[in-house]
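Structure below is protein.csv: CSV, C-alpha atoms.
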chain,number,residue,atom,x,y,z
A,1,MET,CA,-72.4,17.9,-39.9
A,2,PRO,CA,-72.8,18.1,-36.1
A,3,ARG,CA,-69.6,18.2,-34.1
A,4,SER,CA,-68.8,15.2,-32.0
A,5,LYS,CA,-68.1,15.7,-28.3
A,6,PRO,CA,-64.4,16.4,-27.8
A,7,ASN,CA,-62.4,14.1,-25.6
A,8,THR,CA,-59.1,16.0,-25.6
A,9,LYS,CA,-56.9,16.9,-22.7
A,10,LYS,CA,-56.5,20.6,-22.7
A,11,SER,CA,-53.0,22.0,-23.5
A,12,SER,CA,-51.5,23.7,-20.5
A,13,PRO,CA,-48.6,26.2,-20.3
A,14,ALA,CA,-45.2,24.6,-19.5
A,15,LYS,CA,-41.9,25.7,-18.2
A,16,PRO,CA,-39.8,27.5,-20.9
A,17,GLY,CA,-36.9,25.1,-20.4
A,18,ALA,CA,-33.3,25.4,-19.1
A,19,PRO,CA,-31.3,28.3,-20.4
A,20,SER,CA,-28.7,25.9,-21.9
A,21,GLU,CA,-31.5,24.3,-24.0
A,22,ALA,CA,-32.8,27.8,-25.0
A,23,ALA,CA,-29.3,28.9,-26.0
A,24,LYS,CA,-28.8,25.9,-28.2
A,25,ALA,CA,-32.1,26.5,-29.9
A,26,PHE,CA,-31.2,30.1,-30.5
A,27,ALA,CA,-27.9,29.1,-32.1
A,28,LEU,CA,-29.8,26.8,-34.4
A,29,VAL,CA,-32.3,29.5,-35.4
A,30,GLU,CA,-30.0,32.5,-35.5
A,31,PRO,CA,-29.1,32.0,-39.2
A,32,GLU,CA,-32.8,32.3,-40.1
A,33,LEU,CA,-33.2,35.7,-38.4
A,34,ASP,CA,-31.7,37.6,-41.3
A,35,ASP,CA,-34.3,36.1,-43.6
A,36,VAL,CA,-37.2,37.6,-41.6
A,37,ARG,CA,-38.7,40.5,-43.6
A,38,GLU,CA,-42.0,41.1,-41.9
A,39,VAL,CA,-41.7,41.4,-38.1
A,40,VAL,CA,-44.8,41.0,-36.0
A,41,PRO,CA,-45.2,43.8,-33.3
A,42,ILE,CA,-44.6,42.5,-29.8
A,43,ASN,CA,-47.9,43.2,-28.1
A,44,VAL,CA,-48.0,40.0,-26.1
A,45,ASP,CA,-46.0,38.8,-23.2
A,46,ILE,CA,-43.1,36.8,-24.6
A,47,PRO,CA,-42.5,34.5,-21.6
A,48,ARG,CA,-46.1,33.6,-21.4
A,49,ALA,CA,-46.4,33.0,-25.2
A,50,VAL,CA,-43.3,30.7,-25.0
A,51,SER,CA,-44.8,28.8,-22.1
A,52,VAL,CA,-48.1,28.4,-24.0
A,53,ALA,CA,-46.4,27.2,-27.2
A,54,ILE,CA,-44.2,24.7,-25.4
A,55,GLY,CA,-47.2,23.3,-23.6
A,56,ALA,CA,-49.0,22.9,-26.9
A,57,VAL,CA,-46.1,21.1,-28.8
A,58,PRO,CA,-46.9,17.5,-27.6
A,59,HIS,CA,-50.6,18.0,-28.5
A,60,LEU,CA,-49.7,19.2,-32.0
A,61,GLN,CA,-47.1,16.5,-32.5
A,62,ALA,CA,-49.8,13.9,-31.7
A,63,LEU,CA,-51.5,15.2,-34.9
A,64,ARG,CA,-48.4,14.8,-37.0
A,65,PRO,CA,-49.5,11.7,-38.9
A,66,ARG,CA,-52.7,13.5,-39.9
A,67,PHE,CA,-50.6,16.5,-41.0
A,68,VAL,CA,-48.7,14.2,-43.3
A,69,GLU,CA,-51.7,12.3,-44.6
A,70,GLU,CA,-54.4,15.0,-44.9
A,71,LEU,CA,-52.3,18.2,-45.3
A,72,PRO,CA,-49.5,17.1,-47.7
A,73,LYS,CA,-48.7,20.8,-48.6
A,74,HIS,CA,-48.4,21.9,-45.0
A,75,PRO,CA,-44.7,22.6,-44.3
A,76,LEU,CA,-43.9,20.0,-41.6
A,77,SER,CA,-40.8,22.1,-40.6
A,78,GLN,CA,-43.2,24.5,-38.9
A,79,LEU,CA,-44.4,21.7,-36.7
A,80,ASP,CA,-41.1,19.9,-36.2
A,81,LYS,CA,-39.2,23.1,-35.3
A,82,LEU,CA,-41.9,24.7,-33.2
A,83,GLN,CA,-40.3,23.7,-29.9
A,84,THR,CA,-36.9,25.1,-31.2
A,85,TYR,CA,-38.5,28.3,-32.3
A,86,ALA,CA,-40.2,28.7,-28.9
A,87,LEU,CA,-36.9,28.2,-27.0
A,88,ALA,CA,-35.1,30.5,-29.4
A,89,ALA,CA,-37.6,33.2,-28.8
A,90,TRP,CA,-37.2,32.7,-25.1
A,91,TYR,CA,-33.4,33.0,-25.2
A,92,ALA,CA,-33.6,36.1,-27.5
A,93,HIS,CA,-35.9,37.7,-24.9
A,94,LEU,CA,-33.4,37.0,-22.2
A,95,LEU,CA,-30.6,38.5,-24.4
A,96,ALA,CA,-32.7,41.7,-24.8
A,97,LEU,CA,-33.4,42.3,-21.1
A,98,PRO,CA,-31.4,44.8,-19.1
A,99,THR,CA,-29.2,43.5,-16.3
A,100,SER,CA,-30.3,44.3,-12.8
A,101,ALA,CA,-28.0,46.9,-11.2
A,102,GLY,CA,-26.3,46.7,-7.9
A,103,PRO,CA,-24.3,44.1,-6.0
A,104,ASP,CA,-27.3,42.9,-4.1
A,105,ALA,CA,-29.6,42.6,-7.1
A,106,LEU,CA,-29.6,38.8,-7.2
A,107,LYS,CA,-30.3,38.5,-3.5
A,108,ARG,CA,-33.2,41.0,-3.8
A,109,LEU,CA,-34.7,39.0,-6.7
A,110,LEU,CA,-34.4,35.7,-4.9
A,111,ASP,CA,-35.9,37.1,-1.8
A,112,GLU,CA,-38.9,38.2,-3.8
A,113,ALA,CA,-39.1,35.2,-6.1
A,114,ALA,CA,-39.3,32.4,-3.5
A,115,PRO,CA,-42.4,33.6,-1.6
A,116,LEU,CA,-44.1,34.7,-4.8
A,117,ARG,CA,-43.6,31.2,-6.3
A,118,GLU,CA,-45.0,29.6,-3.2
A,119,ASP,CA,-48.0,31.8,-3.0
A,120,LEU,CA,-48.9,31.1,-6.6
A,121,LEU,CA,-48.2,27.4,-6.3
A,122,VAL,CA,-50.5,27.1,-3.2
A,123,ALA,CA,-53.2,28.9,-5.1
A,124,ALA,CA,-52.7,26.8,-8.3
A,125,GLU,CA,-52.8,23.6,-6.3
A,126,ALA,CA,-56.2,24.7,-4.9
A,127,LEU,CA,-57.4,25.3,-8.4
A,128,ALA,CA,-56.0,22.0,-9.6
A,129,HIS,CA,-57.9,20.2,-6.7
A,130,LYS,CA,-61.1,21.7,-8.2
A,131,GLY,CA,-60.1,20.6,-11.7
A,132,ILE,CA,-59.8,24.1,-13.0
A,133,VAL,CA,-56.1,23.8,-14.0
A,134,ASP,CA,-54.0,20.8,-15.0
A,135,ALA,CA,-53.0,19.1,-11.7
A,136,GLN,CA,-50.1,17.3,-13.5
A,137,ARG,CA,-48.7,20.5,-14.8
A,138,VAL,CA,-48.9,22.1,-11.3
A,139,ALA,CA,-47.2,19.1,-9.8
A,140,GLU,CA,-44.4,19.4,-12.4
A,141,ILE,CA,-43.9,23.1,-11.4
A,142,ARG,CA,-43.9,22.1,-7.7
A,143,SER,CA,-41.1,19.5,-8.3
A,144,GLY,CA,-38.7,22.3,-9.4
A,145,GLN,CA,-35.6,22.8,-7.3
A,146,GLY,CA,-32.9,25.5,-7.3
A,147,HIS,CA,-32.8,29.0,-8.5
A,148,LEU,CA,-33.1,28.4,-12.2
A,149,ASP,CA,-36.3,26.3,-11.6
A,150,THR,CA,-37.7,29.1,-9.4
A,151,ALA,CA,-37.3,31.5,-12.3
A,152,ASN,CA,-38.9,29.2,-14.9
A,153,ASP,CA,-41.6,28.2,-12.4
A,154,LEU,CA,-42.7,31.9,-12.1
A,155,VAL,CA,-43.0,32.1,-15.8
A,156,ALA,CA,-45.1,28.9,-16.0
A,157,LEU,CA,-47.3,30.0,-13.1
A,158,ALA,CA,-47.9,33.4,-14.6
A,159,ALA,CA,-48.9,31.7,-17.9
A,160,LEU,CA,-51.1,29.2,-16.0
A,161,PHE,CA,-53.1,31.9,-14.2
A,162,SER,CA,-53.3,34.2,-17.3
A,163,GLU,CA,-55.0,31.4,-19.2
A,164,VAL,CA,-57.8,30.9,-16.7
A,165,TRP,CA,-57.9,34.4,-15.1
A,166,ASP,CA,-61.5,35.3,-16.2
A,167,ALA,CA,-62.7,32.1,-14.5
A,168,VAL,CA,-60.7,32.3,-11.3
A,169,LYS,CA,-60.1,36.0,-10.6
A,170,ASN,CA,-63.0,36.0,-8.0
A,171,ARG,CA,-62.1,32.6,-6.6
A,172,THR,CA,-58.5,32.9,-5.7
A,173,THR,CA,-56.3,35.0,-3.3
A,174,VAL,CA,-53.9,35.7,-6.2
A,175,GLU,CA,-54.1,39.2,-7.6
A,176,TRP,CA,-53.5,40.2,-11.2
A,177,GLY,CA,-50.5,42.2,-10.1
A,178,ASP,CA,-48.9,39.0,-8.7
A,179,VAL,CA,-49.4,37.3,-12.1
A,180,GLU,CA,-47.8,40.3,-13.9
A,181,ARG,CA,-44.9,40.4,-11.5
A,182,ALA,CA,-44.2,36.7,-11.8
A,183,SER,CA,-44.1,37.0,-15.6
A,184,ARG,CA,-41.4,39.7,-15.3
A,185,LEU,CA,-39.5,38.5,-12.3
A,186,GLY,CA,-38.8,35.1,-13.8
A,187,PRO,CA,-36.8,36.4,-16.7
A,188,GLU,CA,-35.1,39.1,-14.6
A,189,LEU,CA,-34.0,36.4,-12.2
A,190,LEU,CA,-32.6,34.2,-15.0
A,191,VAL,CA,-30.6,37.1,-16.3
A,192,ALA,CA,-29.2,37.8,-12.8
A,193,LEU,CA,-28.3,34.1,-12.5
A,194,GLY,CA,-26.1,34.4,-15.7
A,195,ALA,CA,-28.5,32.6,-18.0
A,196,ARG,CA,-27.1,34.6,-21.0
A,197,GLN,CA,-23.6,33.2,-20.5
A,198,GLN,CA,-23.6,29.6,-21.9
A,199,PRO,CA,-20.2,28.0,-22.2
A,200,GLY,CA,-19.5,25.9,-25.3
A,201,LEU,CA,-21.9,27.7,-27.5
A,202,PRO,CA,-21.1,30.4,-30.1
A,203,ALA,CA,-21.8,33.9,-28.9
A,204,PRO,CA,-24.8,35.6,-30.5
A,205,LYS,CA,-23.9,37.8,-33.4
A,206,ALA,CA,-23.4,41.5,-32.6
A,207,GLY,CA,-26.5,43.6,-33.3
A,208,ASP,CA,-29.6,45.1,-31.9
A,209,ALA,CA,-30.8,42.6,-29.2
A,210,ALA,CA,-34.4,44.0,-29.4
A,211,GLU,CA,-34.4,43.4,-33.2
A,212,ARG,CA,-33.1,39.9,-32.7
A,213,ARG,CA,-35.9,39.3,-30.2
A,214,ALA,CA,-38.5,40.6,-32.6
A,215,ARG,CA,-37.3,38.4,-35.4
A,216,ALA,CA,-37.1,35.3,-33.2
A,217,PHE,CA,-40.5,35.9,-31.9
A,218,THR,CA,-41.8,36.4,-35.5
A,219,LEU,CA,-40.5,32.9,-36.4
A,220,LEU,CA,-42.4,31.4,-33.4
A,221,VAL,CA,-45.6,33.3,-34.1
A,222,ASN,CA,-45.6,32.3,-37.8
A,223,ALA,CA,-45.0,28.7,-37.1
A,224,TYR,CA,-47.4,28.4,-34.2
A,225,ASP,CA,-50.2,30.3,-36.1
A,226,ALA,CA,-49.7,27.9,-39.1
A,227,CYS,CA,-49.9,24.9,-36.8
A,228,ARG,CA,-53.1,26.3,-35.2
A,229,ARG,CA,-54.7,26.7,-38.5
A,230,ALA,CA,-53.9,23.2,-39.5
A,231,ALA,CA,-55.1,21.8,-36.2
A,232,SER,CA,-58.4,23.8,-36.6
A,233,TYR,CA,-58.9,22.1,-40.0
A,234,LEU,CA,-58.0,18.6,-38.7
A,235,ARG,CA,-60.1,18.9,-35.6
A,236,TRP,CA,-63.0,20.9,-37.0
A,237,ASN,CA,-65.6,18.2,-36.2
A,238,GLU,CA,-64.4,17.7,-32.7
A,239,GLY,CA,-64.2,21.5,-32.1
A,240,ASP,CA,-61.2,21.2,-29.8
A,241,ALA,CA,-58.5,23.0,-31.7
A,242,GLU,CA,-58.3,25.8,-29.1
A,243,ALA,CA,-57.7,23.2,-26.4
A,244,ILE,CA,-54.9,21.7,-28.4
A,245,ALA,CA,-53.2,24.9,-29.3
A,246,PRO,CA,-54.5,27.9,-27.3
A,247,SER,CA,-54.0,31.5,-28.4
A,248,LEU,CA,-50.7,33.1,-27.5
A,249,PHE,CA,-52.6,36.0,-26.0
A,250,ALA,CA,-53.7,36.0,-22.4
A,251,ARG,CA,-57.5,36.3,-21.8
A,252,GLY,CA,-57.5,37.9,-18.4
A,253,GLY,CA,-56.2,41.0,-16.6
A,254,GLY,CA,-55.2,43.7,-18.9
A,255,ARG,CA,-52.9,46.7,-19.1
A,256,LYS,CA,-53.2,49.6,-16.8
A,257,PRO,CA,-55.5,52.3,-17.9
A,258,GLY,CA,-53.8,54.5,-20.5
A,259,ALA,CA,-51.2,51.8,-21.4
A,260,GLY,CA,-51.0,51.7,-25.2
A,261,LYS,CA,-49.0,49.6,-27.6
A,262,ASN,CA,-46.1,52.0,-27.4
A,263,ASN,CA,-45.6,51.6,-23.6
A,264,ALA,CA,-46.7,48.0,-23.2
A,265,GLY,CA,-44.4,46.0,-21.0
A,266,ASP,CA,-42.7,49.1,-19.5
A,267,GLY,CA,-40.4,49.3,-22.5
A,268,ASP,CA,-38.8,45.9,-22.2
A,269,GLY,CA,-40.6,44.3,-25.1
A,270,GLY,CA,-42.3,41.8,-22.7
A,271,GLY,CA,-45.7,43.2,-23.1
A,272,GLY,CA,-46.8,42.3,-19.6
A,273,ALA,CA,-49.1,39.4,-18.9
A,274,GLY,CA,-51.5,41.5,-20.9
A,275,THR,CA,-54.8,40.8,-22.5
A,276,GLU,CA,-56.1,39.4,-25.7
A,277,PRO,CA,-56.4,42.1,-28.4
A,278,GLY,CA,-59.8,42.7,-29.9
A,279,GLY,CA,-60.9,40.8,-32.9
A,280,SER,CA,-62.1,37.4,-33.8
A,281,GLU,CA,-59.9,34.3,-33.3
A,282,ARG,CA,-60.2,33.8,-37.0
A,283,GLU,CA,-58.6,37.1,-37.7
A,284,PRO,CA,-54.8,37.4,-38.0
A,285,LEU,CA,-53.3,37.3,-34.5
A,286,LEU,CA,-50.6,39.9,-35.3
A,287,GLY,CA,-50.0,42.3,-38.2
A,288,PRO,CA,-46.7,42.3,-40.0
A,289,THR,CA,-44.2,45.2,-40.0
A,290,THR,CA,-41.8,45.2,-43.0
A,291,VAL,CA,-38.1,45.4,-42.1
A,292,GLU,CA,-36.1,47.4,-44.6
Go through the file and emit its structure as structure tokens.
Amino acid sequence: MPRSKPNTKKSSPAKPGAPSEAAKAFALVEPELDDVREVVPINVDIPRAVSVAIGAVPHLQALRPRFVEELPKHPLSQLDKLQTYALAAWYAHLLALPTSAGPDALKRLLDEAAPLREDLLVAAEALAHKGIVDAQRVAEIRSGQGHLDTANDLVALAALFSEVWDAVKNRTTVEWGDVERASRLGPELLVALGARQQPGLPAPKAGDAAERRARAFTLLVNAYDACRRAASYLRWNEGDAEAIAPSLFARGGGRKPGAGKNNAGDGDGGGGAGTEPGGSEREPLLGPTTVE
């Protein structure tokens, strides 16, 4: 049966959300972390993956009635908790990051972040004017105010450019190094701003922060992958499942020559803005690692 012409607005990366929202999500998800037995290796940039997943949530939620009617055995909790899993993975990532050293660390980060945000925004607005990226999403990023928004804006902009990099790398003044730096600088700035200290919420359990991050990320990947498979089935004739729920892997840029899986992300588990691993979209995105 020939596929009909899709008429779907493409999902676009979104801001990861306020640290307070992410902390609440992590508190909700934390009891599930101990139940994770197969942890996916972190070979993708977590901030970007979170931004992509959050941007896809409204598009997937629009399919919820069809999930219920046509896929009665699909666990709806994976769809209903997708936003929570994404925010929890984001907060777990912040918990695992090192704290910037030195009394002037915050000022240095802010001095770097503000012009980088503006450079990326100006370039993104030019691409939006040409219809290459979502103008509404870029306008939402532009509307951000304050230091917390600056940090989240950098993450969203890095994800935005990563998604379209192959198409724009020769049409923009932005360099891949700017995209990679924005993806790292945003979380660093949030940590320096005290995003890990959220009053009124229980402190995370003591333990290996990197392991908590891996488990939280696994919950996100498993739920998102299940929703992508369901969307692919439901939208097979339209052929627009990738527009509804894009891959969590960036398509452009790439790691520096010689950078393998063991040193991806300079050891912080972030993975860099990265590139999409080899293999077909229909193959498993990530392979499991059993936790003893």
Check which residues of segment 52-104 of chain A sit at most 12 Å from segment 177-200 of chain A using all atoms listed in the file, and return one row each with the closest pair of atoms and their distance in Å to one decimal, ordered by chain and rising number, as a tab-separated table.
residue	atom	partner	partner_atom	distance
A:Trp90	CA	A:Pro187	CA	9.2
A:Tyr91	CA	A:Arg196	CA	7.7
A:Ala92	CA	A:Arg196	CA	9.3
A:His93	CA	A:Pro187	CA	8.4
A:Leu94	CA	A:Pro187	CA	6.5
A:Leu95	CA	A:Arg196	CA	6.2
A:Ala96	CA	A:Arg196	CA	9.8
A:Leu97	CA	A:Glu188	CA	7.4
A:Pro98	CA	A:Glu188	CA	8.2
A:Thr99	CA	A:Val191	CA	6.6
A:Ser100	CA	A:Ala192	CA	6.6
A:Ala101	CA	A:Ala192	CA	9.3
A:Gly102	CA	A:Ala192	CA	10.6
A:Pro103	CA	A:Ala192	CA	10.5
A:Asp104	CA	A:Ala192	CA	10.3
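For the pair atom CA of Ala49 of chain A and atom CA of Val221 of chain A, the interatomic distance is 8.9 Å.
Considering the residues A:Leu33, A:Val174, A:Ala214, A:Leu109 and counting all atoms listed in the file, Ala126 of chain A has its shortest atom-to-atom contact with A:Val174.
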Sel. within 6 Å of pt (-50.3, 27.5, -33.3), counting only C-alpha atoms, output as a PyMOL selection string: chain A and resi 224-228+245
Sel. within 12 Å of pt (-59.2, 33.0, -9.8), counting only C-alpha atoms, output as a PyMOL selection string: chain A and resi 120+123-128+130+132-133+160-176+178-179+252-253
